[in-house]
Structure formats: C-alpha cells, structure tokens
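Student: Take a look at the following structure, please.
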Amino acid sequence: MRTRYRSALIEIESQGWSHNTAIAADNISAHKTIYKSREYLILSKPNYQTVQIAENAHILDHVFANLNHHCSPNTFIDVSDLSLVAKRDIEQGEPLTFAYFTTEITLDRPFCCQCGSSRCVGNIIGASQMPLKLLRQYSLSPHVLNLCGLSRTNMLCSS
C-alpha cells in the first residue's frame, strides 16, 4: 500500500491500481472534526466520487471521494461547512466511512453493500428510494431531510 495523501488525522492509501481508501492516521475521538474541505469542484450532476451538498450541487473533494460506504459508519459529512466529523471513537488505521444515502438523493452508481454490519441495508440506491423508517435512523443532510419532508426536530432518532 502506498500513501497518496496525509494530514494529521487522515491518510489516503492506494489499495490497488484503481482504488484508494481514507484511513485514520491517528486515534480520533468521537465528535471531533477530522477534516474540512477547502478545495473542491462543484458539479451540477453526481458521479461516483462526488458528495451531494444541496439539491443540485455535488462536490468533488479528494478526501470525500476516498471515503467508503458503511451502513454503521464511523463518520458523517456535515454539508453546512463541508466537514468530516467522527460519529464515535476511531482507532488509528481504521478505514473512514460514511453512509452514502445520508447525503445522496440518488446514487450515480447504486450497488449491493457488503459492509458486514448488523444494520446493513443491502442495496445502496440513494435516499429518494429508501424507506423513511430506515432513513430516520441516520444523521441526514438538510437536502435529504427536505426531500423526505422531515426536519431535524421531528426525526425519531439519529445515530
């Protein structure tokens, strides 16, 4: 494995010729801001490397593009300030993950999840096609909340 990017808390390692993974470069405590995007491209349409930040805005950021999906993620992306925040304590060397459907209304490339979590939802297709009951279990971005007719005050729970 070759390190392609490194900051105090994140390393992006090459996992082969076509895949990179963001991992924790050090132990990270819960609720800590791990990264704040400052250099990115804004696109009107999604691709498999973008993160949706508003109804018709998707950003391409070198760290966000290398976060893998997990149905029990250890981070979330706060689209209000483009930051990556730890949901729980994360150990050095652990892959950094987020639930793609928390920011994506529709995925450019839906896929069958194999995260191994007891909460695994199977097909990852985007929030617009997922059951409301399931979405309520996650910290959702404002544009996803709006799509679902929800607000932060009427969410049953968050994780």
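Residue names in the structure tokens use chain letters A, B, ... in the order shown, residue numbers from 1 in each chain, and ligand numbers from 1 in the order shown.
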Which residues are near segment 84-101 of chain A? Cut-off 9 Å, only C-alpha atoms, ignore same chain within fewer than 6 positions. Put them as an MDAnalysis selection string.
Tutor: chainID A and resid 9:11 21:37 51 64 66:78 107 124:128 130 135 138 140 144 159
Student: Among segment 3-148 of chain A, which residues carry a DSSP assignment of alpha helix (DSSP H), reported as a list in words?
Tutor: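 Going through segment 3-148 of chain A, the alpha helix (DSSP H) residues come out as Leu132, Lys133, Leu134, Leu135, Pro142, His143, Val144, Leu145, Asn146 and Leu147 of chain A.
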Student: Write out as JSON, numbers by chain the set of residues from chain A that DSSP, computed on the backbone, places in strand (DSSP E).
Tutor: {"A": [2, 3, 4, 5, 6, 10, 11, 12, 13, 14, 20, 21, 22, 23, 24, 33, 34, 35, 36, 41, 42, 43, 51, 52, 53, 54, 57, 58, 59, 60, 68, 69, 75, 76, 77, 78, 83, 84, 85, 86, 97, 98, 111, 112, 123, 124]}
Student: Which residue is closest to Pro110 of chain A? Choose from A:Leu147, A:Arg6, A:Gly122, A:Asp81 and count only C-alpha atoms.
Tutor: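 The shortest atom-to-atom distance to Pro110 of chain A comes from A:Gly122.
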Student: Considering only C-alpha atoms, state which residue in the set A:Tyr40, A:Cys120, A:Glu104, A:Leu134 is at the smallest distance from Leu82 of chain A.
Tutor: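 The closest residue to Leu82 of chain A is A:Tyr40.
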Student: Between A:Gly116, A:Ser80, A:Ala8, A:His19, single out the one closest to Ala54 of chain A, counting only C-alpha atoms.
Tutor: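 Closest to Ala54 of chain A, using only C-alpha atoms: A:Ser80.
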Student: Rounded to one decimal in Å, what is the spacing between atom CA of Gln52 of chain A and atom CA of Cys112 of chain A?
Tutor: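 Pair atom CA of Gln52 of chain A / atom CA of Cys112 of chain A returns 20.0 Å.
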Student: What gap, in Å, lies between atom CA of Cys148 of chain A and atom CA of Leu132 of chain A?
Tutor: 7.2 Å
Student: Between atom CA of Lys45 of chain A and atom CA of Val79 of chain A, what is the distance in Å, rounded to a tenth?
Tutor: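 Answer for the atom CA of Lys45 of chain A to atom CA of Val79 of chain A separation: 16.4 Å.
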Student: Of the candidates A:Asp108, A:Leu145, A:Leu60, A:Ser139, which shows the shortest atom-to-atom distance to Leu41 of chain A, using only C-alpha atoms?
Tutor: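 For Leu41 of chain A, the nearest of the candidates is A:Leu60.
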